[in-house]
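**Student:** Input structure: protein.csv, which contains CSV, C-alpha atoms and all ligand atoms.
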chain,number,residue,atom,x,y,z
G,1151,MET,CA,20.8,-2.9,21.5
G,1152,SER,CA,18.1,-5.4,20.4
G,1153,THR,CA,18.5,-7.4,17.2
G,1154,THR,CA,16.0,-5.1,15.6
G,1155,GLU,CA,17.8,-1.9,16.7
G,1156,ASN,CA,21.1,-3.4,15.4
G,1157,ALA,CA,19.8,-4.2,12.0
G,1158,ILE,CA,18.2,-0.8,11.6
G,1159,ALA,CA,21.4,1.0,12.8
G,1160,SER,CA,23.5,-0.9,10.2
G,1161,ALA,CA,21.0,-0.3,7.5
G,1162,GLU,CA,21.0,3.4,8.2
G,1163,ALA,CA,24.8,3.5,8.3
G,1164,HIS,CA,25.3,1.6,5.0
G,1165,SER,CA,22.3,2.4,2.8
G,1166,ALA,CA,21.2,5.6,1.1
G,1167,HIS,CA,18.3,7.1,3.0
G,1168,ASN,CA,15.9,7.2,0.1
G,1169,TYR,CA,13.2,5.4,2.2
G,1170,HIS,CA,11.9,5.8,5.8
G,1171,PRO,CA,10.8,2.3,6.7
G,1172,LEU,CA,8.8,1.5,9.8
G,1173,PRO,CA,11.1,0.1,12.5
G,1174,VAL,CA,10.3,-3.6,11.9
G,1175,VAL,CA,12.9,-6.1,10.5
G,1176,VAL,CA,11.1,-8.9,8.7
G,1177,ALA,CA,12.7,-12.4,8.7
G,1178,THR,CA,10.1,-14.6,7.2
G,1179,ALA,CA,6.6,-14.4,5.8
G,1180,ASP,CA,3.6,-16.6,4.9
G,1181,GLY,CA,0.3,-15.6,3.3
G,1182,ALA,CA,-0.7,-12.3,4.8
G,1183,TRP,CA,1.6,-12.6,7.8
G,1184,MET,CA,5.2,-11.5,8.3
G,1185,THR,CA,7.5,-12.5,11.3
G,1186,ASP,CA,10.3,-10.2,12.5
G,1187,VAL,CA,13.8,-11.1,13.7
G,1188,GLU,CA,12.5,-11.3,17.2
G,1189,GLY,CA,9.6,-13.7,16.4
G,1190,ARG,CA,6.8,-11.1,16.5
G,1191,ARG,CA,4.0,-11.6,13.9
G,1192,TYR,CA,2.5,-8.8,11.9
G,1193,LEU,CA,-0.4,-8.7,9.5
G,1194,ASP,CA,0.7,-7.3,6.2
G,1195,MET,CA,-1.9,-4.7,5.0
G,1196,LEU,CA,0.4,-3.2,2.4
G,1197,ALA,CA,1.4,-6.3,0.3
G,1198,GLY,CA,4.4,-4.7,-1.3
G,1199,TYR,CA,2.2,-2.0,-2.9
G,1200,SER,CA,0.2,-4.8,-4.5
G,1201,ALA,CA,3.3,-6.7,-5.7
G,1202,LEU,CA,2.2,-9.4,-3.2
G,1203,ASN,CA,-1.5,-9.8,-4.3
G,1204,PHE,CA,-1.1,-13.6,-4.0
G,1205,GLY,CA,0.5,-13.4,-0.6
G,1206,HIS,CA,3.9,-14.3,0.8
G,1207,GLY,CA,5.4,-17.7,-0.1
G,1208,ASN,CA,2.4,-18.6,-2.3
G,1209,ARG,CA,2.8,-22.3,-2.9
G,1210,ARG,CA,2.0,-22.3,-6.6
G,1211,LEU,CA,4.4,-19.4,-7.3
G,1212,ILE,CA,7.2,-20.8,-5.2
G,1213,ASP,CA,6.9,-24.2,-6.8
G,1214,ALA,CA,6.9,-22.6,-10.3
G,1215,ALA,CA,9.9,-20.6,-9.4
G,1216,ARG,CA,11.8,-23.5,-7.9
G,1217,ALA,CA,11.1,-25.8,-10.9
G,1218,GLN,CA,12.4,-23.1,-13.3
G,1219,LEU,CA,15.4,-22.4,-11.1
G,1220,GLU,CA,16.5,-26.0,-11.7
G,1221,ARG,CA,16.1,-25.7,-15.5
G,1222,VAL,CA,17.3,-22.4,-16.9
G,1223,THR,CA,17.1,-18.8,-15.4
G,1224,LEU,CA,18.5,-16.5,-18.0
G,1225,THR,CA,19.3,-16.7,-21.7
G,1226,SER,CA,19.1,-13.0,-22.6
G,1227,ARG,CA,17.0,-12.2,-25.6
G,1228,ALA,CA,19.9,-13.1,-27.8
G,1229,PHE,CA,18.3,-16.5,-27.9
G,1230,HIS,CA,14.8,-17.9,-27.6
G,1231,HIS,CA,13.9,-19.9,-24.6
G,1232,ASP,CA,11.0,-22.3,-24.1
G,1233,ARG,CA,8.9,-20.2,-21.7
G,1234,PHE,CA,8.9,-17.0,-23.6
G,1235,ALA,CA,6.3,-17.7,-26.3
G,1236,ASP,CA,3.8,-19.1,-23.8
G,1237,PHE,CA,4.3,-16.1,-21.5
G,1238,CYS,CA,3.7,-13.6,-24.2
G,1239,THR,CA,0.7,-15.5,-25.7
G,1240,ARG,CA,-1.0,-16.0,-22.3
G,1241,LEU,CA,-0.4,-12.5,-21.1
G,1242,ALA,CA,-1.7,-11.0,-24.4
G,1243,GLU,CA,-4.8,-13.3,-24.0
G,1244,LEU,CA,-5.4,-12.2,-20.4
G,1245,CYS,CA,-5.4,-8.6,-21.6
G,1246,GLY,CA,-7.4,-9.2,-24.8
G,1247,MET,CA,-4.4,-7.8,-26.8
G,1248,GLU,CA,-2.0,-9.1,-29.4
G,1249,MET,CA,1.6,-8.3,-28.3
G,1250,VAL,CA,3.8,-8.1,-25.3
G,1251,LEU,CA,7.0,-6.3,-24.6
G,1252,PRO,CA,8.5,-7.6,-21.4
G,1253,MET,CA,10.7,-5.6,-19.0
G,1254,ASN,CA,11.5,-5.9,-15.3
G,1255,THR,CA,10.4,-3.1,-13.1
G,1256,GLY,CA,7.2,-1.0,-13.4
G,1257,VAL,CA,9.0,2.2,-14.3
G,1258,GLU,CA,10.7,0.4,-17.2
G,1259,ALA,CA,7.3,-0.5,-18.6
G,1260,VAL,CA,6.4,3.2,-18.3
G,1261,GLU,CA,9.6,4.2,-20.1
G,1262,THR,CA,8.8,1.6,-22.7
G,1263,ALA,CA,5.3,3.0,-23.2
G,1264,VAL,CA,6.7,6.5,-23.6
G,1265,LYS,CA,9.2,5.4,-26.3
G,1266,THR,CA,6.5,3.2,-28.0
G,1267,ALA,CA,4.0,6.1,-28.1
G,1268,ARG,CA,6.5,8.5,-29.5
G,1269,LYS,CA,7.7,6.0,-32.2
G,1270,TRP,CA,4.1,5.2,-33.0
G,1271,GLY,CA,3.4,9.0,-33.2
G,1272,TYR,CA,6.2,9.5,-35.7
G,1273,ARG,CA,5.8,6.3,-37.8
G,1274,VAL,CA,2.1,5.8,-37.8
G,1275,LYS,CA,0.3,9.0,-36.8
G,1276,GLY,CA,2.6,11.2,-38.8
G,1277,VAL,CA,3.7,13.7,-36.1
G,1278,PRO,CA,6.7,15.8,-37.1
G,1279,ASP,CA,10.0,14.5,-35.7
G,1280,GLY,CA,10.7,15.6,-32.1
G,1281,MET,CA,7.2,17.2,-31.6
G,1282,ALA,CA,5.4,14.3,-29.9
G,1283,LYS,CA,3.5,15.2,-26.7
G,1284,ILE,CA,2.1,12.9,-24.0
G,1285,ILE,CA,-0.7,14.1,-21.7
G,1286,VAL,CA,-0.4,12.9,-18.1
G,1287,ALA,CA,-2.4,13.7,-14.9
G,1288,ALA,CA,-1.4,15.8,-11.9
G,1289,ASP,CA,-0.5,13.9,-8.8
G,1290,ASN,CA,0.5,10.9,-10.9
G,1291,PHE,CA,2.9,8.2,-9.8
G,1292,HIS,CA,4.6,6.3,-12.6
G,1293,GLY,CA,8.0,5.6,-11.1
G,1294,ARG,CA,11.4,7.1,-10.4
G,1295,THR,CA,13.5,7.5,-13.6
G,1296,THR,CA,14.6,10.9,-14.8
G,1297,THR,CA,12.1,11.0,-17.6
G,1298,VAL,CA,9.2,9.7,-15.4
G,1299,ILE,CA,9.9,12.2,-12.6
G,1300,SER,CA,10.0,14.9,-15.3
G,1301,PHE,CA,6.2,14.7,-15.4
G,1302,SER,CA,5.6,14.2,-11.7
G,1303,THR,CA,4.0,17.1,-9.7
G,1304,ASP,CA,5.4,15.9,-6.4
G,1305,PRO,CA,8.3,18.3,-5.4
G,1306,GLU,CA,9.9,15.5,-3.4
G,1307,ALA,CA,10.2,13.3,-6.4
G,1308,ARG,CA,11.4,16.1,-8.7
G,1309,ALA,CA,13.5,18.6,-6.9
G,1310,ASP,CA,17.3,18.6,-7.7
G,1311,PHE,CA,16.9,16.0,-10.4
G,1312,GLY,CA,16.7,18.3,-13.5
G,1313,PRO,CA,17.2,19.0,-16.3
G,1314,TYR,CA,13.8,17.4,-17.1
G,1315,THR,CA,12.7,15.5,-20.1
G,1316,PRO,CA,10.4,17.6,-22.2
G,1317,GLY,CA,7.3,16.4,-24.2
G,1318,PHE,CA,4.7,16.1,-21.4
G,1319,GLU,CA,1.5,18.1,-20.7
G,1320,ILE,CA,0.1,17.8,-17.2
G,1321,VAL,CA,-3.7,18.2,-16.7
G,1322,PRO,CA,-5.8,17.8,-13.5
G,1323,TYR,CA,-6.8,14.1,-12.9
G,1324,GLY,CA,-10.5,13.5,-13.5
G,1325,ASP,CA,-10.9,16.6,-15.7
G,1326,LEU,CA,-11.9,15.7,-19.2
G,1327,THR,CA,-12.4,19.2,-20.4
G,1328,ALA,CA,-8.8,20.1,-19.4
G,1329,MET,CA,-7.6,17.0,-21.3
G,1330,ARG,CA,-9.5,17.9,-24.4
G,1331,GLU,CA,-8.1,21.4,-24.3
G,1332,ALA,CA,-4.5,20.1,-23.9
G,1333,MET,CA,-4.8,17.9,-27.0
G,1334,THR,CA,-3.2,19.0,-30.2
G,1335,GLU,CA,-2.2,17.2,-33.5
G,1336,ASN,CA,1.1,16.3,-31.9
G,1337,THR,CA,-0.5,14.5,-28.9
G,1338,VAL,CA,0.5,10.9,-29.3
G,1339,ALA,CA,-0.8,9.5,-26.0
G,1340,VAL,CA,-2.6,9.9,-22.7
G,1341,LEU,CA,-0.9,8.2,-19.8
G,1342,ILE,CA,-3.0,7.8,-16.6
G,1343,GLU,CA,-3.5,5.5,-13.7
G,1344,PRO,CA,-7.2,4.3,-13.7
G,1345,ILE,CA,-7.0,4.8,-9.9
G,1346,GLN,CA,-4.2,6.9,-8.5
G,1347,GLY,CA,-2.5,4.8,-5.9
G,1348,GLU,CA,0.3,6.9,-4.4
G,1349,ALA,CA,-1.9,10.0,-4.5
G,1350,GLY,CA,-4.1,8.3,-1.9
G,1351,VAL,CA,-6.1,5.7,-3.8
G,1352,LEU,CA,-8.0,8.3,-5.8
G,1353,VAL,CA,-10.9,6.9,-7.8
G,1354,PRO,CA,-11.7,9.3,-10.7
G,1355,PRO,CA,-15.3,10.6,-11.2
G,1356,PRO,CA,-17.7,8.1,-12.9
G,1357,GLY,CA,-17.4,8.3,-16.6
G,1358,TYR,CA,-13.9,9.7,-16.7
G,1359,LEU,CA,-12.1,6.6,-18.0
G,1360,ALA,CA,-14.9,6.1,-20.6
G,1361,GLY,CA,-14.6,9.7,-21.5
G,1362,VAL,CA,-10.8,9.4,-21.9
G,1363,ARG,CA,-11.4,6.4,-24.1
G,1364,GLU,CA,-13.8,8.2,-26.3
G,1365,LEU,CA,-11.7,11.4,-26.6
G,1366,THR,CA,-8.5,9.5,-27.4
G,1367,ARG,CA,-10.2,7.4,-30.0
G,1368,GLU,CA,-11.7,10.5,-31.6
G,1369,ARG,CA,-8.3,12.2,-31.8
G,1370,ASP,CA,-6.2,9.3,-32.8
G,1371,VAL,CA,-4.3,9.3,-29.5
G,1372,LEU,CA,-3.1,6.2,-27.6
G,1373,PHE,CA,-4.8,5.6,-24.2
G,1374,ILE,CA,-2.1,4.1,-22.0
G,1375,ALA,CA,-3.4,2.7,-18.7
G,1376,ASP,CA,-0.8,2.3,-16.0
G,1377,GLU,CA,-2.3,-0.7,-14.2
G,1378,ILE,CA,1.0,-1.5,-12.5
G,1379,GLN,CA,-0.7,-1.1,-9.0
G,1380,SER,CA,-4.4,-1.2,-9.9
G,1381,GLY,CA,-4.3,-4.3,-12.2
G,1382,LEU,CA,-4.2,-8.0,-11.7
G,1383,GLY,CA,-7.0,-8.5,-9.2
G,1384,ARG,CA,-6.6,-5.7,-6.7
G,1385,THR,CA,-9.8,-3.9,-7.4
G,1386,GLY,CA,-12.0,-7.0,-7.8
G,1387,LYS,CA,-11.4,-7.2,-11.6
G,1388,THR,CA,-8.4,-8.1,-13.6
G,1389,PHE,CA,-8.0,-4.5,-14.6
G,1390,ALA,CA,-9.4,-1.4,-12.9
G,1391,CYS,CA,-10.4,-0.1,-16.4
G,1392,GLU,CA,-13.0,-2.8,-16.5
G,1393,HIS,CA,-15.1,-1.0,-13.9
G,1394,GLU,CA,-16.0,1.4,-16.6
G,1395,GLY,CA,-16.0,-1.2,-19.4
G,1396,VAL,CA,-13.0,0.5,-20.9
G,1397,VAL,CA,-10.2,-1.2,-22.9
G,1398,PRO,CA,-7.2,1.1,-23.4
G,1399,ASP,CA,-4.7,0.8,-26.2
G,1400,MET,CA,-1.9,-0.2,-23.9
G,1401,TYR,CA,-1.8,-1.8,-20.5
G,1402,LEU,CA,1.3,-1.3,-18.3
G,1403,LEU,CA,1.7,-4.1,-15.9
G,1404,GLY,CA,4.2,-4.9,-13.1
G,1405,LYS,CA,4.2,-5.5,-9.4
G,1406,ALA,CA,1.8,-8.5,-9.0
G,1407,LEU,CA,2.9,-9.9,-12.4
G,1408,GLY,CA,6.0,-11.1,-10.7
G,1409,GLY,CA,4.0,-12.7,-7.8
G,1410,GLY,CA,6.2,-11.0,-5.2
G,1411,VAL,CA,9.0,-13.4,-6.3
G,1412,VAL,CA,10.8,-11.6,-9.2
G,1413,PRO,CA,10.4,-8.3,-10.9
G,1414,VAL,CA,8.4,-8.7,-14.0
G,1415,SER,CA,6.8,-5.9,-16.0
G,1416,ALA,CA,5.3,-5.6,-19.4
G,1417,VAL,CA,3.7,-3.4,-22.0
G,1418,VAL,CA,0.7,-5.2,-23.6
G,1419,SER,CA,-0.9,-3.7,-26.7
G,1420,SER,CA,-2.0,-4.3,-30.3
G,1421,ALA,CA,0.2,-5.4,-33.2
G,1422,ALA,CA,-0.4,-2.0,-34.7
G,1423,VAL,CA,1.3,-0.3,-31.8
G,1424,LEU,CA,4.0,-2.7,-30.6
G,1425,GLY,CA,4.7,-3.7,-34.2
G,1426,VAL,CA,6.6,-0.4,-34.5
G,1427,TYR,CA,9.8,-2.0,-33.1
G,1428,ARG,CA,12.6,-3.4,-35.1
G,1429,PRO,CA,15.6,-5.3,-33.6
G,1430,GLY,CA,18.0,-3.2,-31.7
G,1431,GLU,CA,15.6,-0.3,-31.0
G,1432,HIS,CA,14.7,-1.3,-27.4
G,1433,GLY,CA,15.4,-4.0,-25.0
G,1434,SER,CA,16.5,-5.3,-21.6
G,1435,THR,CA,19.0,-8.0,-20.6
G,1436,PHE,CA,16.7,-9.5,-18.0
G,1437,GLY,CA,13.4,-8.6,-19.6
G,1438,GLY,CA,11.4,-11.8,-20.4
G,1439,ASN,CA,13.9,-14.1,-18.7
G,1440,PRO,CA,12.9,-17.7,-18.1
G,1441,LEU,CA,12.5,-17.4,-14.4
G,1442,ALA,CA,10.3,-14.3,-14.8
G,1443,CYS,CA,8.2,-16.0,-17.5
G,1444,ALA,CA,7.7,-19.1,-15.4
G,1445,VAL,CA,6.5,-17.1,-12.3
G,1446,ALA,CA,4.3,-14.8,-14.4
G,1447,LEU,CA,2.8,-17.7,-16.3
G,1448,GLU,CA,1.6,-19.1,-12.9
G,1449,VAL,CA,0.3,-15.7,-12.0
G,1450,ILE,CA,-1.7,-15.5,-15.2
G,1451,ALA,CA,-3.0,-19.1,-14.7
G,1452,MET,CA,-4.2,-18.1,-11.2
G,1453,LEU,CA,-5.9,-14.9,-12.5
G,1454,ASN,CA,-7.6,-17.0,-15.2
G,1455,THR,CA,-9.5,-18.9,-12.5
G,1456,GLY,CA,-11.2,-15.6,-11.5
G,1457,GLU,CA,-10.9,-16.6,-7.8
G,1458,TYR,CA,-8.6,-13.8,-6.8
G,1459,GLN,CA,-10.7,-11.1,-8.5
G,1460,GLN,CA,-13.8,-12.5,-6.8
G,1461,ARG,CA,-12.1,-12.6,-3.4
G,1462,ALA,CA,-10.9,-9.0,-3.8
G,1463,ALA,CA,-14.5,-7.9,-4.8
G,1464,GLU,CA,-16.1,-9.7,-1.8
G,1465,LEU,CA,-13.6,-8.9,0.8
G,1466,GLY,CA,-13.4,-5.4,-0.7
G,1467,ASP,CA,-17.1,-4.8,-0.2
G,1468,HIS,CA,-16.7,-5.9,3.4
G,1469,LEU,CA,-13.6,-3.7,3.9
G,1470,HIS,CA,-15.4,-0.6,2.5
G,1471,ARG,CA,-18.5,-1.3,4.5
G,1472,GLU,CA,-16.4,-1.4,7.7
G,1473,LEU,CA,-14.4,1.6,6.8
G,1474,GLY,CA,-17.6,3.5,5.9
G,1475,LEU,CA,-18.8,2.9,9.5
G,1476,LEU,CA,-15.5,4.3,10.8
G,1477,ALA,CA,-15.9,7.3,8.6
G,1478,GLY,CA,-19.1,8.2,10.4
G,1479,GLY,CA,-17.3,8.2,13.8
G,1480,GLY,CA,-15.4,11.4,13.6
G,1481,ALA,CA,-11.9,10.0,13.4
G,1482,VAL,CA,-11.9,9.4,9.6
G,1483,ARG,CA,-12.4,12.2,7.2
G,1484,ALA,CA,-12.8,10.2,4.0
G,1485,VAL,CA,-12.4,6.7,2.6
G,1486,ARG,CA,-11.8,5.9,-1.1
G,1487,GLY,CA,-11.0,2.9,-3.1
G,1488,ARG,CA,-12.2,-0.1,-4.9
G,1489,GLY,CA,-11.9,-3.8,-4.1
G,1490,LEU,CA,-9.3,-4.7,-1.5
G,1491,TRP,CA,-7.7,-1.3,-1.8
G,1492,ALA,CA,-8.5,1.8,0.3
G,1493,GLY,CA,-7.1,5.2,1.1
G,1494,VAL,CA,-8.2,6.4,4.5
G,1495,ASP,CA,-7.9,10.1,5.4
G,1496,ILE,CA,-7.5,10.3,9.2
G,1497,GLU,CA,-8.5,13.5,10.9
G,1498,PRO,CA,-5.2,15.4,11.1
G,1499,GLU,CA,-5.5,16.2,14.9
G,1500,LEU,CA,-5.3,12.4,15.5
G,1501,GLY,CA,-1.8,12.3,14.1
G,1502,THR,CA,0.0,12.1,10.8
G,1503,GLY,CA,-0.3,9.0,8.6
G,1504,ARG,CA,3.2,8.0,9.8
G,1505,GLU,CA,2.2,8.3,13.5
G,1506,ILE,CA,-0.9,6.2,12.8
G,1507,SER,CA,1.2,3.6,10.9
G,1508,GLU,CA,3.6,3.4,13.9
G,1509,LYS,CA,0.7,2.9,16.3
G,1510,LEU,CA,-0.7,0.2,14.1
G,1511,MET,CA,2.8,-1.4,14.0
G,1512,GLU,CA,2.8,-1.6,17.8
G,1513,ARG,CA,-0.5,-3.5,17.4
G,1514,ARG,CA,1.1,-5.8,14.8
G,1515,VAL,CA,-0.5,-4.4,11.7
G,1516,LEU,CA,1.7,-3.0,8.9
G,1517,VAL,CA,0.4,-0.3,6.6
G,1518,LYS,CA,2.0,2.6,4.9
G,1519,ASP,CA,1.1,6.3,5.0
G,1520,THR,CA,0.9,8.5,2.0
G,1521,HIS,CA,0.6,12.3,1.8
G,1522,GLY,CA,0.1,13.7,5.3
G,1523,SER,CA,-2.8,12.0,7.1
G,1524,THR,CA,-3.7,9.3,4.7
G,1525,ILE,CA,-3.0,5.6,5.2
G,1526,ARG,CA,-3.5,3.0,2.5
G,1527,ILE,CA,-4.8,-0.4,3.1
G,1528,ALA,CA,-4.1,-3.1,0.5
G,1529,PRO,CA,-3.6,-6.6,2.1
G,1530,PRO,CA,-2.8,-9.6,0.0
G,1531,LEU,CA,-5.9,-10.9,-1.8
G,1532,VAL,CA,-5.5,-14.2,0.0
G,1533,ILE,CA,-6.0,-12.6,3.5
G,1534,GLY,CA,-8.6,-14.5,5.6
G,1535,LYS,CA,-11.7,-12.6,6.5
G,1536,GLU,CA,-11.0,-13.0,10.2
G,1537,ASP,CA,-7.5,-11.6,9.8
G,1538,LEU,CA,-8.9,-8.6,7.9
G,1539,ASP,CA,-11.4,-8.0,10.6
G,1540,TRP,CA,-8.7,-8.3,13.2
G,1541,GLY,CA,-6.6,-5.7,11.3
G,1542,LEU,CA,-9.6,-3.4,11.1
G,1543,GLU,CA,-10.2,-3.8,14.8
G,1544,GLN,CA,-6.6,-2.7,15.5
G,1545,LEU,CA,-7.3,0.4,13.3
G,1546,ARG,CA,-10.4,1.2,15.3
G,1547,GLU,CA,-8.5,0.9,18.6
G,1548,VAL,CA,-5.7,3.2,17.3
G,1549,LEU,CA,-8.3,5.8,16.2
G,1550,ARG,CA,-10.1,5.5,19.5
G,1551,GLY,CA,-6.8,6.9,21.0
G,1601,LIG,C1,4.8,1.1,-8.4
G,1601,LIG,C2,4.3,1.8,-9.6
G,1601,LIG,C3,5.2,2.1,-10.7
G,1601,LIG,C4,6.7,1.8,-10.7
G,1601,LIG,O1,7.0,0.5,-10.5
G,1601,LIG,P1,8.5,0.1,-10.0
G,1601,LIG,O2,8.5,-1.4,-10.1
G,1601,LIG,O3,8.6,0.6,-8.6
G,1601,LIG,O4,9.4,0.8,-10.9
G,1601,LIG,C5,4.6,2.7,-11.8
G,1601,LIG,N1,3.3,3.0,-11.8
G,1601,LIG,C6,2.5,2.7,-10.8
G,1601,LIG,C7,1.0,3.1,-10.9
G,1601,LIG,C8,3.0,2.1,-9.6
G,1601,LIG,O5,2.2,1.9,-8.6
Can I see the file as structure tokens?
**Tutor:**
Amino acid sequence: MSTTENAIASAEAHSAHNYHPLPVVVATADGAWMTDVEGRRYLDMLAGYSALNFGHGNRRLIDAARAQLERVTLTSRAFHHDRFADFCTRLAELCGMEMVLPMNTGVEAVETAVKTARKWGYRVKGVPDGMAKIIVAADNFHGRTTTVISFSTDPEARADFGPYTPGFEIVPYGDLTAMREAMTENTVAVLIEPIQGEAGVLVPPPGYLAGVRELTRERDVLFIADEIQSGLGRTGKTFACEHEGVVPDMYLLGKALGGGVVPVSAVVSSAAVLGVYRPGEHGSTFGGNPLACAVALEVIAMLNTGEYQQRAAELGDHLHRELGLLAGGGAVRAVRGRGLWAGVDIEPELGTGREISEKLMERRVLVKDTHGSTIRIAPPLVIGKEDLDWGLEQLREVLRG
């Protein structure tokens, strides 16, 4: 057996099969490229679902992490540490908000948002105890905990994991009328992705986010934007909500906030909303730890230059122009997305998304399929234009058959 086959066989024997990875075993990575255990190089067109917006082994991020590793890595929130205030201040500033509640993984930010919205509903809005409702969209992806899969519409994510947490109303994504009709006095929040990533990079109809903003404001309901995948540069702006000039009440951030180095997530909101907490009511041992803060501070500084957003916008225009040409050729049914982020629906007779991904892997390009015959393209924002073109050329070759 090859080194690759050995590694895969051991992984399959000793890890739960909750993923179905492509048969590549990565050993090292740099920028937009990964090298496997047998020395083959691959172009990373997934970027850890946007956790790697700044690329693998980003110098600034690695240096920031290394420097912090030598100082202090964890204090718990039982004590203050000297990176915490800066992290919260700068992140709030980046978001145009006032307060930050740091967690680790994306789904913890979502859980925190659910708890915050409910508490805000009872303490501020005056909803009767136990009655709070949160409106979510069909085909959402917000993570994997029992509460969050309770409002998933994906049978794979839900089946066999009940009983489910109540308190959620599901409405079709992009449908403002349905959202308006689902709203009652007990609605405390609307939780949506400004672009649905896992659903296939679905961009809502123009005016939808602005409409949600207007409706939630009118009805005294919190607008929670899950920007865990769409945020921090991916779409050509710091936040995907900006494309419609919308500012939600709460941003949920994760993935790229940790620079692909450490898990860092956060809820960012106003003092009126996050001010509902008192000591002991919520927390996390690792949330807001010094290493996480040091890396995230560097991420924020990089975003403050605007370079990454601009790069995503320019390369994104190029990507969508090229994919648009492919869409005219009969092999591609539809292309969606914004910035350096695209969902490509392949004609089903050419193969499943998985089969296309495997063929691309043979040509040294790594992407991930989603839902049947869709592949998603989201390279690190630092990818070179020539590399992006080379990756697209491999896609054209695969679709040519
Ligand atoms: C990835 C993702 C999450 C969950 O993040 P984890 O770090 O995997 O828990 C939540 N919401 C969106 C939109 C995501 O893309």
**Student:** For Gly1503 of chain G, which of G:Gly1522, G:Gly1246, G:Gly1487, G:Gly1361 is the closest residue, counting all atoms listed in the file?
**Tutor:**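 Counting all atoms listed in the file, the residue closest to Gly1503 of chain G is G:Gly1522.
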**Student:** If you count all atoms listed in the file, which residues fall within 12 Å of Asn1156 of chain G, apart from same-chain ones fewer than 6 positions away, as a PyMOL selection string?
**Tutor:** chain G and resi 1162-1163+1173-1175+1187-1188
**Student:** Can you write out as JSON lines which residues of chain G fall within 7 Å of ligand LIG 1601 (chain G), alongside each residue's closest atom pair and its distance in Å to one decimal, counting all atoms listed in the file and ordering rows by chain and ascending residue number?
**Tutor:**
{"residue": "G:Tyr1199", "atom": "CA", "partner": "G:LIG1601", "partner_atom": "C1", "distance": 6.8}
{"residue": "G:Thr1255", "atom": "CA", "partner": "G:LIG1601", "partner_atom": "O2", "distance": 3.9}
{"residue": "G:Gly1256", "atom": "CA", "partner": "G:LIG1601", "partner_atom": "O1", "distance": 3.3}
{"residue": "G:Val1257", "atom": "CA", "partner": "G:LIG1601", "partner_atom": "O4", "distance": 3.7}
{"residue": "G:Glu1258", "atom": "CA", "partner": "G:LIG1601", "partner_atom": "O4", "distance": 6.4}
{"residue": "G:Val1260", "atom": "CA", "partner": "G:LIG1601", "partner_atom": "C5", "distance": 6.8}
{"residue": "G:Phe1291", "atom": "CA", "partner": "G:LIG1601", "partner_atom": "C7", "distance": 5.6}
{"residue": "G:His1292", "atom": "CA", "partner": "G:LIG1601", "partner_atom": "N1", "distance": 3.6}
{"residue": "G:Gly1293", "atom": "CA", "partner": "G:LIG1601", "partner_atom": "C4", "distance": 4.0}
{"residue": "G:Arg1294", "atom": "CA", "partner": "G:LIG1601", "partner_atom": "O4", "distance": 6.6}
{"residue": "G:Glu1343", "atom": "CA", "partner": "G:LIG1601", "partner_atom": "C7", "distance": 5.8}
{"residue": "G:Gln1346", "atom": "CA", "partner": "G:LIG1601", "partner_atom": "C7", "distance": 6.9}
{"residue": "G:Gly1347", "atom": "CA", "partner": "G:LIG1601", "partner_atom": "O5", "distance": 6.1}
{"residue": "G:Glu1348", "atom": "CA", "partner": "G:LIG1601", "partner_atom": "O5", "distance": 6.8}
{"residue": "G:Asp1376", "atom": "CA", "partner": "G:LIG1601", "partner_atom": "C7", "distance": 5.5}
{"residue": "G:Glu1377", "atom": "CA", "partner": "G:LIG1601", "partner_atom": "C7", "distance": 6.0}
{"residue": "G:Ile1378", "atom": "CA", "partner": "G:LIG1601", "partner_atom": "C6", "distance": 4.8}
{"residue": "G:Gln1379", "atom": "CA", "partner": "G:LIG1601", "partner_atom": "O5", "distance": 4.2}
{"residue": "G:Ser1380", "atom": "CA", "partner": "G:LIG1601", "partner_atom": "C7", "distance": 7.0}
{"residue": "G:Gly1404", "atom": "CA", "partner": "G:LIG1601", "partner_atom": "O2", "distance": 6.3}
{"residue": "G:Lys1405", "atom": "CA", "partner": "G:LIG1601", "partner_atom": "O2", "distance": 6.0}
**Student:** What does the distance between atom CA of Ala1166 of chain G and atom CA of Leu1403 of chain G come to in Å, to one decimal place?
**Tutor:**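 Those two atoms sit 27.6 Å apart.
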**Student:** With distances taken over only C-alpha atoms, which residue among G:Ala1214, G:Leu1490, G:Leu1542, G:Ile1374 lies nearest Gly1409 of chain G?
**Tutor:** G:Ala1214
**Student:** Would you mind listing, for every residue of segment 1405-1510 of chain G within 12 Å of segment 1217-1232 of chain G, the two atoms forming the shortest contact and the distance between them in Å to one decimal, using all atoms listed in the file, sorted by chain and ascending residue number, as CSV?
**Tutor:**
residue,atom,partner,partner_atom,distance
G:Val1412,CA,G:Thr1223,CA,11.4
G:Pro1429,CA,G:Ala1228,CA,10.6
G:Gly1430,CA,G:Ala1228,CA,10.8
G:His1432,CA,G:Arg1227,CA,11.3
G:Gly1433,CA,G:Arg1227,CA,8.4
G:Ser1434,CA,G:Arg1227,CA,8.0
G:Thr1435,CA,G:Ser1226,CA,5.4
G:Phe1436,CA,G:Ser1226,CA,6.3
G:Gly1437,CA,G:Ser1226,CA,7.8
G:Gly1438,CA,G:Arg1227,CA,7.7
G:Asn1439,CA,G:Leu1224,CA,5.2
G:Pro1440,CA,G:Thr1223,CA,5.1
G:Leu1441,CA,G:Thr1223,CA,4.9
G:Ala1442,CA,G:Thr1223,CA,8.2
G:Cys1443,CA,G:Gln1218,CA,9.3
G:Ala1444,CA,G:Gln1218,CA,6.5
G:Val1445,CA,G:Gln1218,CA,8.5
G:Ala1446,CA,G:Gln1218,CA,11.6
G:Leu1447,CA,G:Gln1218,CA,11.4
G:Glu1448,CA,G:Gln1218,CA,11.5
